[in-house]
Amino acid sequence: MQKFVKIAVTEPDVSKVPFMLDASKFEIVMAGLKWCQGKPIVNSISLKVGVKLFKEQATLLKKHGAAVVVMAFDED
């Protein structure tokens, strides 16, 4: 992710639009966020990881100024 974002931000036409980052591992999303310019979008975080970890992830994303897609599952 980090390598891709580093390359993408150097392209003038590409770097003008928000980036949507998506990965199955949150650490990979965070690596990409460190290189994003502007307001990135993160797809997605979920309560399936537990309330405590969800809040930690949401707090980190807020610090980076990211918009977030939150997945909601109906278990019933």
# chains A, B, ... in the order shown; residues from 1 in each chain; ligands from 1

$ residues_around --residues "segment 25-29 of chain A" --least-positions-apart "4" --cutoff "10 Å" --atoms "only C-alpha atoms" --output "PyMOL selection string"
chain A and resi 1-2+20-21+33-34+42-45+57+61

$ select_by_dssp --residues "chain A" --states "alpha helix (DSSP H)" --output "PyMOL selection string"
chain A and resi 2-8+12-15+26-33+51-63

$ residues_around --residues "Phe73 of chain A" --least-positions-apart "3" --cutoff "12 Å" --atoms "only C-alpha atoms" --output "VMD selection string"
chain A and resid 45 to 48 70 76

$ residues_around --residues "Pro18 of chain A" --least-positions-apart "4" --cutoff "9 Å" --atoms "only C-alpha atoms" --output "JSON, numbers by chain"
{"A": [14, 36, 37, 38, 39, 40, 41]}

$ residues_around --residues "Val9 of chain A" --least-positions-apart "6" --cutoff "10 Å" --atoms "only C-alpha atoms" --output "list of chain:residue names"
A:Ser15, A:Lys16, A:Val17, A:Phe19, A:Trp35, A:Cys36, A:Gln37

$ write_last_selection --atoms "all heavy atoms" --output "PDB file, in the first residue's frame"
ATOM      1  N   SER A  15      -3.244  12.871  -7.888  1.00  0.00           N
ATOM      2  CA  SER A  15      -3.131  13.380  -6.523  1.00  0.00           C
ATOM      3  C   SER A  15      -4.173  14.438  -6.178  1.00  0.00           C
ATOM      4  O   SER A  15      -4.319  14.807  -5.024  1.00  0.00           O
ATOM      5  CB  SER A  15      -1.727  13.932  -6.284  1.00  0.00           C
ATOM      6  OG  SER A  15      -1.484  15.048  -7.106  1.00  0.00           O
ATOM      7  N   LYS A  16      -4.932  14.912  -7.166  1.00  0.00           N
ATOM      8  CA  LYS A  16      -5.952  15.941  -6.921  1.00  0.00           C
ATOM      9  C   LYS A  16      -7.239  15.374  -6.336  1.00  0.00           C
ATOM     10  O   LYS A  16      -8.057  16.117  -5.814  1.00  0.00           O
ATOM     11  CB  LYS A  16      -6.285  16.670  -8.226  1.00  0.00           C
ATOM     12  CG  LYS A  16      -5.150  17.518  -8.748  1.00  0.00           C
ATOM     13  CD  LYS A  16      -5.539  18.167 -10.054  1.00  0.00           C
ATOM     14  CE  LYS A  16      -4.359  18.921 -10.647  1.00  0.00           C
ATOM     15  NZ  LYS A  16      -4.665  19.498 -11.943  1.00  0.00           N
ATOM     16  N   VAL A  17      -7.433  14.088  -6.433  1.00  0.00           N
ATOM     17  CA  VAL A  17      -8.678  13.474  -5.961  1.00  0.00           C
ATOM     18  C   VAL A  17      -8.430  12.699  -4.676  1.00  0.00           C
ATOM     19  O   VAL A  17      -7.306  12.263  -4.411  1.00  0.00           O
ATOM     20  CB  VAL A  17      -9.276  12.535  -7.033  1.00  0.00           C
ATOM     21  CG1 VAL A  17      -9.646  13.308  -8.285  1.00  0.00           C
ATOM     22  CG2 VAL A  17      -8.317  11.413  -7.387  1.00  0.00           C
ATOM     23  N   PHE A  19      -8.114   9.695  -2.119  1.00  0.00           N
ATOM     24  CA  PHE A  19      -7.763   8.280  -2.251  1.00  0.00           C
ATOM     25  C   PHE A  19      -8.674   7.479  -1.336  1.00  0.00           C
ATOM     26  O   PHE A  19      -8.923   7.867  -0.198  1.00  0.00           O
ATOM     27  CB  PHE A  19      -6.322   8.032  -1.823  1.00  0.00           C
ATOM     28  CG  PHE A  19      -5.287   8.522  -2.785  1.00  0.00           C
ATOM     29  CD1 PHE A  19      -5.600   9.341  -3.850  1.00  0.00           C
ATOM     30  CD2 PHE A  19      -3.975   8.152  -2.628  1.00  0.00           C
ATOM     31  CE1 PHE A  19      -4.645   9.782  -4.730  1.00  0.00           C
ATOM     32  CE2 PHE A  19      -2.989   8.592  -3.500  1.00  0.00           C
ATOM     33  CZ  PHE A  19      -3.328   9.414  -4.551  1.00  0.00           C
ATOM     34  N   TRP A  35       1.075   8.530   3.722  1.00  0.00           N
ATOM     35  CA  TRP A  35       1.544   9.145   2.488  1.00  0.00           C
ATOM     36  C   TRP A  35       0.460   9.878   1.718  1.00  0.00           C
ATOM     37  O   TRP A  35       0.729  10.499   0.701  1.00  0.00           O
ATOM     38  CB  TRP A  35       2.201   8.091   1.600  1.00  0.00           C
ATOM     39  CG  TRP A  35       3.461   7.604   2.212  1.00  0.00           C
ATOM     40  CD1 TRP A  35       3.638   6.510   2.991  1.00  0.00           C
ATOM     41  CD2 TRP A  35       4.727   8.247   2.155  1.00  0.00           C
ATOM     42  NE1 TRP A  35       4.934   6.409   3.410  1.00  0.00           N
ATOM     43  CE2 TRP A  35       5.634   7.474   2.907  1.00  0.00           C
ATOM     44  CE3 TRP A  35       5.191   9.409   1.538  1.00  0.00           C
ATOM     45  CZ2 TRP A  35       6.967   7.827   3.053  1.00  0.00           C
ATOM     46  CZ3 TRP A  35       6.518   9.750   1.678  1.00  0.00           C
ATOM     47  CH2 TRP A  35       7.394   8.968   2.431  1.00  0.00           C
ATOM     48  N   CYS A  36      -0.773   9.806   2.195  1.00  0.00           N
ATOM     49  CA  CYS A  36      -1.884  10.469   1.490  1.00  0.00           C
ATOM     50  C   CYS A  36      -1.860  11.979   1.736  1.00  0.00           C
ATOM     51  O   CYS A  36      -1.553  12.432   2.828  1.00  0.00           O
ATOM     52  CB  CYS A  36      -3.218   9.918   1.961  1.00  0.00           C
ATOM     53  SG  CYS A  36      -3.628   8.332   1.265  1.00  0.00           S
ATOM     54  N   GLN A  37      -2.229  12.690   0.705  1.00  0.00           N
ATOM     55  CA  GLN A  37      -2.396  14.129   0.818  1.00  0.00           C
ATOM     56  C   GLN A  37      -3.894  14.417   0.806  1.00  0.00           C
ATOM     57  O   GLN A  37      -4.665  13.690   0.212  1.00  0.00           O
ATOM     58  CB  GLN A  37      -1.734  14.833  -0.363  1.00  0.00           C
ATOM     59  CG  GLN A  37      -0.269  14.538  -0.484  1.00  0.00           C
ATOM     60  CD  GLN A  37       0.305  15.060  -1.788  1.00  0.00           C
ATOM     61  OE1 GLN A  37      -0.347  15.766  -2.537  1.00  0.00           O
ATOM     62  NE2 GLN A  37       1.541  14.701  -2.065  1.00  0.00           N
TER      63      GLN A  37
END

$ atom_distance --atom1 "atom CA of Val49 of chain A" --atom2 "atom CA of Phe4 of chain A"
26.4 Å

$ select_by_dssp --residues "chain A" --states "strand (DSSP E)" --output "JSON, numbers by chain"
{"A": [20, 21, 41, 42, 43, 44, 45, 46, 67, 68, 69, 70, 71]}

$ write_last_selection --atoms "N, CA and C atoms" --output "JSON list (two decimals), in the first residue's frame"
[["chain", "number", "residue", "atom", "x", "y", "z"],
["A", 20, "MET", "N", -9.15, 6.33, -1.82],
["A", 20, "MET", "CA", -9.87, 5.39, -0.97],
["A", 20, "MET", "C", -8.94, 4.21, -0.71],
["A", 21, "LEU", "N", -8.62, 4.01, 0.55],
["A", 21, "LEU", "CA", -7.72, 2.94, 0.95],
["A", 21, "LEU", "C", -8.54, 1.77, 1.50],
["A", 41, "ILE", "N", -10.18, 8.46, 2.15],
["A", 41, "ILE", "CA", -11.35, 7.69, 2.58],
["A", 41, "ILE", "C", -10.86, 6.28, 2.90],
["A", 42, "VAL", "N", -11.25, 5.77, 4.06],
["A", 42, "VAL", "CA", -10.86, 4.42, 4.44],
["A", 42, "VAL", "C", -12.09, 3.51, 4.34],
["A", 43, "ASN", "N", -11.93, 2.45, 3.61],
["A", 43, "ASN", "CA", -12.99, 1.46, 3.42],
["A", 43, "ASN", "C", -12.48, 0.11, 3.92],
["A", 44, "SER", "N", -12.75, -0.29, 5.02],
["A", 44, "SER", "CA", -13.69, 0.10, 6.04],
["A", 44, "SER", "C", -13.22, -0.43, 7.38],
["A", 45, "ILE", "N", -13.88, 0.02, 8.45],
["A", 45, "ILE", "CA", -13.62, -0.57, 9.76],
["A", 45, "ILE", "C", -14.93, -1.18, 10.24],
["A", 46, "SER", "N", -14.83, -2.10, 11.19],
["A", 46, "SER", "CA", -16.01, -2.83, 11.61],
["A", 46, "SER", "C", -15.97, -3.13, 13.10],
["A", 67, "ALA", "N", -11.96, 10.19, 6.14],
["A", 67, "ALA", "CA", -13.36, 9.81, 6.15],
["A", 67, "ALA", "C", -13.39, 8.29, 6.23],
["A", 68, "VAL", "N", -14.42, 7.72, 6.86],
["A", 68, "VAL", "CA", -14.42, 6.28, 7.08],
["A", 68, "VAL", "C", -15.77, 5.66, 6.70],
["A", 69, "VAL", "N", -15.70, 4.53, 6.02],
["A", 69, "VAL", "CA", -16.88, 3.72, 5.78],
["A", 69, "VAL", "C", -16.92, 2.70, 6.91],
["A", 70, "VAL", "N", -18.03, 2.67, 7.65],
["A", 70, "VAL", "CA", -18.17, 1.73, 8.76],
["A", 70, "VAL", "C", -19.13, 0.63, 8.33],
["A", 71, "MET", "N", -18.68, -0.60, 8.44],
["A", 71, "MET", "CA", -19.51, -1.74, 8.06],
["A", 71, "MET", "C", -20.43, -2.12, 9.21]]

$ decode --residues "chain A" --atoms "C-alpha atoms" --output "PDB file, in the first residue's frame"
ATOM      1  CA  MET A   1       0.000   0.000   0.000  1.00  0.00           C
ATOM      2  CA  GLN A   2       2.736   2.430   0.958  1.00  0.00           C
ATOM      3  CA  LYS A   3       4.572   1.908  -2.324  1.00  0.00           C
ATOM      4  CA  PHE A   4       1.400   2.406  -4.374  1.00  0.00           C
ATOM      5  CA  VAL A   5       0.395   5.604  -2.541  1.00  0.00           C
ATOM      6  CA  LYS A   6       3.913   7.049  -2.852  1.00  0.00           C
ATOM      7  CA  ILE A   7       3.762   6.546  -6.626  1.00  0.00           C
ATOM      8  CA  ALA A   8       0.186   7.818  -6.954  1.00  0.00           C
ATOM      9  CA  VAL A   9       0.773  11.086  -5.080  1.00  0.00           C
ATOM     10  CA  THR A  10       3.509  12.043  -7.526  1.00  0.00           C
ATOM     11  CA  GLU A  11       1.041  12.039 -10.446  1.00  0.00           C
ATOM     12  CA  PRO A  12      -0.552  15.523 -10.686  1.00  0.00           C
ATOM     13  CA  ASP A  13      -3.899  14.357 -12.088  1.00  0.00           C
ATOM     14  CA  VAL A  14      -4.213  11.491  -9.627  1.00  0.00           C
ATOM     15  CA  SER A  15      -3.131  13.380  -6.523  1.00  0.00           C
ATOM     16  CA  LYS A  16      -5.952  15.941  -6.921  1.00  0.00           C
ATOM     17  CA  VAL A  17      -8.678  13.474  -5.961  1.00  0.00           C
ATOM     18  CA  PRO A  18      -9.290  11.734  -2.626  1.00  0.00           C
ATOM     19  CA  PHE A  19      -7.763   8.280  -2.251  1.00  0.00           C
ATOM     20  CA  MET A  20      -9.867   5.391  -0.966  1.00  0.00           C
ATOM     21  CA  LEU A  21      -7.721   2.935   0.949  1.00  0.00           C
ATOM     22  CA  ASP A  22      -8.894  -0.623   1.522  1.00  0.00           C
ATOM     23  CA  ALA A  23      -7.017  -3.538   3.043  1.00  0.00           C
ATOM     24  CA  SER A  24      -7.871  -6.528   5.189  1.00  0.00           C
ATOM     25  CA  LYS A  25      -5.203  -5.531   7.718  1.00  0.00           C
ATOM     26  CA  PHE A  26      -5.517  -2.196   9.516  1.00  0.00           C
ATOM     27  CA  GLU A  27      -1.707  -1.767   9.653  1.00  0.00           C
ATOM     28  CA  ILE A  28      -1.633  -1.654   5.854  1.00  0.00           C
ATOM     29  CA  VAL A  29      -4.292   1.056   5.790  1.00  0.00           C
ATOM     30  CA  MET A  30      -2.270   3.091   8.295  1.00  0.00           C
ATOM     31  CA  ALA A  31       0.876   2.732   6.182  1.00  0.00           C
ATOM     32  CA  GLY A  32      -1.009   4.131   3.191  1.00  0.00           C
ATOM     33  CA  LEU A  33      -2.506   6.989   5.218  1.00  0.00           C
ATOM     34  CA  LYS A  34       0.929   8.275   6.142  1.00  0.00           C
ATOM     35  CA  TRP A  35       1.544   9.145   2.488  1.00  0.00           C
ATOM     36  CA  CYS A  36      -1.884  10.469   1.490  1.00  0.00           C
ATOM     37  CA  GLN A  37      -2.396  14.129   0.818  1.00  0.00           C
ATOM     38  CA  GLY A  38      -5.730  15.805   1.471  1.00  0.00           C
ATOM     39  CA  LYS A  39      -8.643  13.862   2.954  1.00  0.00           C
ATOM     40  CA  PRO A  40      -8.449  10.122   2.259  1.00  0.00           C
ATOM     41  CA  ILE A  41     -11.346   7.691   2.584  1.00  0.00           C
ATOM     42  CA  VAL A  42     -10.860   4.422   4.444  1.00  0.00           C
ATOM     43  CA  ASN A  43     -12.992   1.462   3.423  1.00  0.00           C
ATOM     44  CA  SER A  44     -13.687   0.100   6.039  1.00  0.00           C
ATOM     45  CA  ILE A  45     -13.619  -0.573   9.756  1.00  0.00           C
ATOM     46  CA  SER A  46     -16.015  -2.833  11.612  1.00  0.00           C
ATOM     47  CA  LEU A  47     -17.234  -3.612  15.103  1.00  0.00           C
ATOM     48  CA  LYS A  48     -16.483  -7.274  14.389  1.00  0.00           C
ATOM     49  CA  VAL A  49     -13.000  -6.628  15.832  1.00  0.00           C
ATOM     50  CA  GLY A  50     -14.549  -5.583  19.161  1.00  0.00           C
ATOM     51  CA  VAL A  51     -15.594  -2.250  20.577  1.00  0.00           C
ATOM     52  CA  LYS A  52     -12.216  -1.353  22.106  1.00  0.00           C
ATOM     53  CA  LEU A  53     -10.192  -1.998  18.924  1.00  0.00           C
ATOM     54  CA  PHE A  54     -12.871  -0.324  16.807  1.00  0.00           C
ATOM     55  CA  LYS A  55     -12.607   2.852  18.903  1.00  0.00           C
ATOM     56  CA  GLU A  56      -8.794   2.778  18.715  1.00  0.00           C
ATOM     57  CA  GLN A  57      -8.919   2.457  14.925  1.00  0.00           C
ATOM     58  CA  ALA A  58     -11.536   5.211  14.615  1.00  0.00           C
ATOM     59  CA  THR A  59      -9.436   7.524  16.782  1.00  0.00           C
ATOM     60  CA  LEU A  60      -6.317   6.939  14.664  1.00  0.00           C
ATOM     61  CA  LEU A  61      -8.244   7.559  11.459  1.00  0.00           C
ATOM     62  CA  LYS A  62      -9.694  10.769  12.878  1.00  0.00           C
ATOM     63  CA  LYS A  63      -6.187  12.005  13.728  1.00  0.00           C
ATOM     64  CA  HIS A  64      -5.262  11.517  10.066  1.00  0.00           C
ATOM     65  CA  GLY A  65      -8.379  13.402   8.944  1.00  0.00           C
ATOM     66  CA  ALA A  66      -9.755  10.392   7.067  1.00  0.00           C
ATOM     67  CA  ALA A  67     -13.364   9.806   6.153  1.00  0.00           C
ATOM     68  CA  VAL A  68     -14.422   6.277   7.083  1.00  0.00           C
ATOM     69  CA  VAL A  69     -16.885   3.715   5.779  1.00  0.00           C
ATOM     70  CA  VAL A  70     -18.165   1.727   8.765  1.00  0.00           C
ATOM     71  CA  MET A  71     -19.511  -1.735   8.055  1.00  0.00           C
ATOM     72  CA  ALA A  72     -22.690  -2.715   9.885  1.00  0.00           C
ATOM     73  CA  PHE A  73     -23.748  -6.350   9.947  1.00  0.00           C
ATOM     74  CA  ASP A  74     -27.180  -7.626  10.866  1.00  0.00           C
ATOM     75  CA  GLU A  75     -26.476 -10.862  12.702  1.00  0.00           C
ATOM     76  CA  ASP A  76     -30.164 -11.738  13.103  1.00  0.00           C
TER      77      ASP A  76
END
